[in-house]
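Since the structure comes first, as structure tokens, the remarks are kept for the end.
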Amino acid sequence: MIKNIITLHSYKGWSFIFSLLAIATILLPILNIWVPEDSALHVPNYMFALMGKYLCYALVALAIDLIWGYTGILSLGHGVFFSMGGYAMGMYLMRSVGKEGVYKSDLPDFMVFLDWKELPWYWYGFDSFAFTLLVILFLPGVFAFTFGYFAFKSRIKGVYFAIITQAMTFASMLLFFRNETGFGGNNGLTDFKRILGYSLQEPSTKISLYIITACVLFFSYILSRYVVQSKLGRVLTAIRDAESRVMFSGYNTIHYKLFIWTLSAFLCGIAGALYVPQVGIINPSEMQPSNSIEMAIWVAVGGRGTLSGALIGAGLVNGAKSWFTVAAPDYWLYFLGGLFIVVTLFFPKGFIGIFSRLFLKNKVKEST
Amino acid sequence: MTSSGAHVKDDSIDTTHGCILYIENVTVSFDGFKALDDLNLYIDDGELRCIIGPNGAGKTTMMDVITGKTRPDQGTVFFGQNHDLTKMTEYEISHAGIGRKFQKPTVFLNHTVFENLELALHTKKNVWQSLSKTLTGEQRDIIEQDLETIGLKDQKNLRAGLLSHGQTQWLEIGMLLVQDPRVLLIDEPVAGMTHQETEHTAELLQSLAGKHSVVLVEHDMEFIRSIANRVTVLHEGHVLAEGKMEEVQNDPKVIEVYLGS
């Protein structure tokens, strides 16, 4: 097992990944803490929340790449899994507010506002971080497993599957918009104060959350890499390319699709949970159909079927988005749509495809 | 135990009566059109059987029924005397020992030739095994041997999408062989092949008979004449004639519907 993991990358590959990890988790915090603020090398506090957010998006892209890039199943509903993790974390953070809310009540503010007298039963347990963690780790996966079981068993594929997942996220959004559902309606959950006793306003908490996110992304990447490099990964791409041949070769393709679909939802749920304390809010707009489509675009832009492509794509598109929303907010959606069309028509392998065509003519295989 | 954990626990195929495939009174209709109409067909263990017939005679539907892709409206399909194929899924049937080669060659184009064979190789095929196991030396040997048989040793690290048409067909046959099946269903293997490739394929298929039962659907009469012992003629979903090639060719019914036209 250990040996299998070591051989996932060449010596050069590992050095590169660990350097990245070291820069992200050691160098950047040092540049923040020990370099004086007027220095050009100083990394400002707000950068960590921003980068933490990007890393969460990168984890989402990784998850979508597993199911879409490698297995050929396009999901336009990953916003649901992301929100599940996010809401679970949000509920914990709401409960940790205690009586410091606007209404000085033990109940979350929005419940007081709705004149609710006691906590709904499904909020029980979220006082405990351990319980919340269990929900984050299991709920998205279990939900995805159930959904996938029926979808894959009925042999729903391709565009039909994409439409159903899109409907799933739309329906969930409408459900969460209602105040009666008990998750804060269209305002969602916000005004968090602390996590595990540490104030969320403190720079040190922000930096810690960011470092944790970077480490989670690192391990998720290694896990994904292990999966796609194993024979299972080859079965997945075989399912993408010729599913009936895989079945006639003696594989129960439903089990394979369920496995990767569930793993993908699992990673996406964790991303959502890490996202919420860093961004400070979770609301139903995360389940907007367009959000889930945007997630797929990250992967398409970076390069489907390559893990590094997914990570780069999430960074590129969100970097562009941050720039656009400041410089030309009205044009962002046009740019995104145009980008998607251009990439699909001219660069089906995304950024990684362009990159390897330019620089790695003979080493295409390695860049995957 | 070589089963995948599928419902088929007993891997042994009971062929004490000499037959390996029993297709009895099978009817399949699509919107009222009977693709198979009361079809009865028996394949002996180890034989090489050719199935011919005009377009729409039900040849491909018959293959679909045997491999579990299509369920018959009526009738029974048995593999040996103990496996009811109408109650098994595609992957269970494949695991029990029936391999199929499609009319249009289907291999995994983005995998190398070696990886294609690795995926087809007879082994435990559940999710956990695929995730945790790597090829043993013995399994590598089997694949290497297979590469030799199908003549693709030099192409082993080539992406399958780069193979020529004939090589793709052989790769697919090779993939069937490493599945270690008892029955090989082969749909038009020489369509689009050059003369030399056709000859090579004929040799290959003949060398397989005996160890495996081979059921071959083919249009190329020249090719059938060169390899077949027994020929079954399908017409409108049932067996029109069966016997040696010469007998079948001289059968007036056959001449009328097929050879004569």
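The chains in the structure tokens are called A, B, ... from first to last as shown; in each chain the residues are counted from 1, and the ligands are counted from 1 in the order shown.
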
Using only C-alpha atoms, find each residue in chain B having at least one atom no more than 8 Å away from chain A; report its shortest atom-to-atom pair and that distance in Å (one decimal), rows by chain then rising number, as JSON lines.
{"residue": "B:Thr67", "atom": "CA", "partner": "A:Phe248", "partner_atom": "CA", "distance": 7.8}
{"residue": "B:Glu90", "atom": "CA", "partner": "A:Phe248", "partner_atom": "CA", "distance": 6.0}
{"residue": "B:Tyr91", "atom": "CA", "partner": "A:Gly250", "partner_atom": "CA", "distance": 4.1}
{"residue": "B:Glu92", "atom": "CA", "partner": "A:Gly250", "partner_atom": "CA", "distance": 6.4}
{"residue": "B:Ile93", "atom": "CA", "partner": "A:Gly250", "partner_atom": "CA", "distance": 7.5}
{"residue": "B:Ser94", "atom": "CA", "partner": "A:Gly250", "partner_atom": "CA", "distance": 4.9}
{"residue": "B:His95", "atom": "CA", "partner": "A:Gly250", "partner_atom": "CA", "distance": 5.1}
{"residue": "B:Gly99", "atom": "CA", "partner": "A:Phe248", "partner_atom": "CA", "distance": 6.9}
{"residue": "B:Arg100", "atom": "CA", "partner": "A:Phe248", "partner_atom": "CA", "distance": 6.8}
{"residue": "B:Thr106", "atom": "CA", "partner": "A:Arg245", "partner_atom": "CA", "distance": 6.6}
{"residue": "B:Val107", "atom": "CA", "partner": "A:Arg245", "partner_atom": "CA", "distance": 7.2}
{"residue": "B:Phe108", "atom": "CA", "partner": "A:Ala238", "partner_atom": "CA", "distance": 5.8}
{"residue": "B:Leu109", "atom": "CA", "partner": "A:Asp241", "partner_atom": "CA", "distance": 7.3}
{"residue": "B:Asn110", "atom": "CA", "partner": "A:Asp241", "partner_atom": "CA", "distance": 7.7}
{"residue": "B:His111", "atom": "CA", "partner": "A:Arg234", "partner_atom": "CA", "distance": 7.8}
{"residue": "B:Glu115", "atom": "CA", "partner": "A:Arg234", "partner_atom": "CA", "distance": 7.9}
{"residue": "B:Leu119", "atom": "CA", "partner": "A:Val235", "partner_atom": "CA", "distance": 6.9}
{"residue": "B:Ala120", "atom": "CA", "partner": "A:Ser249", "partner_atom": "CA", "distance": 5.4}
{"residue": "B:Lys125", "atom": "CA", "partner": "A:Tyr251", "partner_atom": "CA", "distance": 5.7}
{"residue": "B:Asn126", "atom": "CA", "partner": "A:Tyr251", "partner_atom": "CA", "distance": 7.0}
{"residue": "B:Val127", "atom": "CA", "partner": "A:Tyr256", "partner_atom": "CA", "distance": 6.1}
{"residue": "B:Ser130", "atom": "CA", "partner": "A:Leu232", "partner_atom": "CA", "distance": 4.7}
{"residue": "B:Leu131", "atom": "CA", "partner": "A:Leu232", "partner_atom": "CA", "distance": 5.1}
{"residue": "B:Ser132", "atom": "CA", "partner": "A:Ser230", "partner_atom": "CA", "distance": 7.3}
{"residue": "B:Lys133", "atom": "CA", "partner": "A:Lys231", "partner_atom": "CA", "distance": 7.7}
{"residue": "B:Thr134", "atom": "CA", "partner": "A:Lys231", "partner_atom": "CA", "distance": 7.3}
{"residue": "B:Leu176", "atom": "CA", "partner": "A:Ser249", "partner_atom": "CA", "distance": 7.8}
{"residue": "B:Gln179", "atom": "CA", "partner": "A:Ser249", "partner_atom": "CA", "distance": 7.2}

Write down as a list in words the residues of stretch 71-283 of chain A whose backbone DSSP state falls under strand (DSSP E).
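Those in stretch 71-283 of chain A that DSSP calls strand (DSSP E) are Leu189, Thr190, Arg194, Ile195, Tyr198, Ser199, Ile281 and Ile282 of chain A.
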
Polymer residues at most 6 Å from stretch 169-180 of chain A, only C-alpha atoms, same-chain spacing of 5 or more positions, as number ranges by chain
A: 77, 80, 185-186, 284, 287, 289

Output file for the selection above: C-alpha atoms, as a PDB file, in the first residue's frame:
ATOM      1  CA  GLY A  77     -25.784  19.208  -8.983  1.00  0.00           C
ATOM      2  CA  VAL A  80     -26.114  20.247  -3.196  1.00  0.00           C
ATOM      3  CA  GLY A 185     -34.599  30.779   4.616  1.00  0.00           C
ATOM      4  CA  ASN A 186     -33.038  32.954   1.944  1.00  0.00           C
ATOM      5  CA  PRO A 284     -29.474  28.655  -0.579  1.00  0.00           C
ATOM      6  CA  MET A 287     -27.563  25.589  -4.683  1.00  0.00           C
ATOM      7  CA  PRO A 289     -28.285  25.759 -10.843  1.00  0.00           C
TER       8      PRO A 289
END

Contacts of A:Ile254 at 9 Å (only C-alpha atoms; same-chain gap of 5+ positions) as a ChimeraX atom specification:
/A:148-149,152-153,155,259

Which residues are close to B:Gly18, i.e. within 9 Å by only C-alpha atoms, leaving aside same-chain residues fewer than 6 positions away? Reply as a PyMOL selection string.
chain B and resi 43-45+80

Please write the residues from the selection above to a file, keeping C-alpha atoms, as a PDB file, in the first residue's frame.
ATOM      1  CA  ILE B  43     -24.225 -25.511 -29.394  1.00  0.00           C
ATOM      2  CA  ASP B  44     -21.925 -28.425 -28.556  1.00  0.00           C
ATOM      3  CA  ASP B  45     -19.083 -28.042 -26.112  1.00  0.00           C
ATOM      4  CA  GLY B  80     -24.633 -25.801 -19.538  1.00  0.00           C
TER       5      GLY B  80
END

Excluding A:Asp106 and residues on its chain fewer than 6 positions from it, collect all residues at most 9 Å away from it, counting only C-alpha atoms, and give them as a PyMOL selection string.
chain A and resi 95+97-100

For B:Val254, list every protein, DNA or RNA residue within 12 Å, evaluated using only C-alpha atoms, and leave out those in the same chain fewer than 5 positions away; present the list as a list of chain:residue names.
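Here the qualifying residues turn out to be B:Ile52, B:Gly53, B:Pro54, B:Val231, B:Thr232, B:Val233, B:Leu234, B:His235, B:Val239, B:Leu240, B:Ala241, B:Glu242, B:Gly243, B:Met245, B:Glu246, B:Glu247, B:Val248, B:Gln249, B:Leu259, B:Gly260, B:Ser261.
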
Could you take the residues named above and write them with C-alpha atoms, as a tab-separated table (two decimals), in the first residue's frame?
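Dumped to out_37.tsv:
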chain	number	residue	atom	x	y	z
B	52	ILE	CA	-25.51	-17.08	-41.29
B	53	GLY	CA	-28.66	-15.49	-42.55
B	54	PRO	CA	-29.89	-12.43	-44.40
B	231	VAL	CA	-23.46	-23.98	-40.29
B	232	THR	CA	-26.82	-22.80	-39.05
B	233	VAL	CA	-28.98	-20.67	-41.30
B	234	LEU	CA	-31.32	-18.26	-39.58
B	235	HIS	CA	-34.29	-16.77	-41.35
B	239	VAL	CA	-33.56	-21.94	-37.85
B	240	LEU	CA	-34.07	-22.61	-41.53
B	241	ALA	CA	-31.39	-25.22	-42.01
B	242	GLU	CA	-28.45	-26.71	-40.20
B	243	GLY	CA	-25.60	-28.96	-41.27
B	245	MET	CA	-21.66	-26.15	-45.49
B	246	GLU	CA	-22.22	-28.19	-48.68
B	247	GLU	CA	-25.50	-29.59	-47.42
B	248	VAL	CA	-26.75	-26.19	-46.43
B	249	GLN	CA	-25.67	-24.63	-49.70
B	259	LEU	CA	-27.83	-17.75	-51.29
B	260	GLY	CA	-30.00	-17.53	-54.34
B	261	SER	CA	-30.89	-13.94	-53.97

One decimal, Å: what's the distance from atom CA of A:Thr146 over to atom CA of A:Ile67, could you say?
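Between atom CA of A:Thr146 and atom CA of A:Ile67 the gap is 16.0 Å.
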
Rounded to one decimal, what separation in Å do you get between atom CA of B:Leu205 and atom CA of B:Gln155?
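Atom CA of B:Gln155 lies 20.8 Å from atom CA of B:Leu205.
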
Just give me the gap between atom CA of B:Thr198 and atom CA of B:Gly166 in Å, one decimal is fine.
8.5 Å

Determine which residues of stretch 8-178 of chain A receive a DSSP assignment of helix (DSSP H, G or I), computed from the backbone, and state them as JSON, numbers by chain.
{"A": [11, 12, 13, 14, 15, 16, 17, 18, 19, 20, 21, 22, 23, 24, 25, 26, 27, 28, 29, 30, 31, 32, 33, 46, 47, 48, 49, 50, 51, 52, 53, 54, 55, 56, 57, 58, 59, 60, 61, 62, 63, 64, 65, 66, 67, 68, 69, 70, 78, 79, 80, 81, 82, 83, 84, 85, 86, 87, 88, 89, 90, 91, 92, 93, 94, 95, 96, 109, 110, 111, 112, 113, 121, 122, 123, 129, 130, 131, 132, 133, 134, 135, 136, 137, 138, 139, 140, 141, 142, 143, 144, 145, 146, 147, 148, 149, 150, 151, 152, 153, 158, 159, 160, 161, 162, 163, 164, 165, 166, 167, 168, 169, 170, 171, 172, 173, 174, 175, 176, 177]}
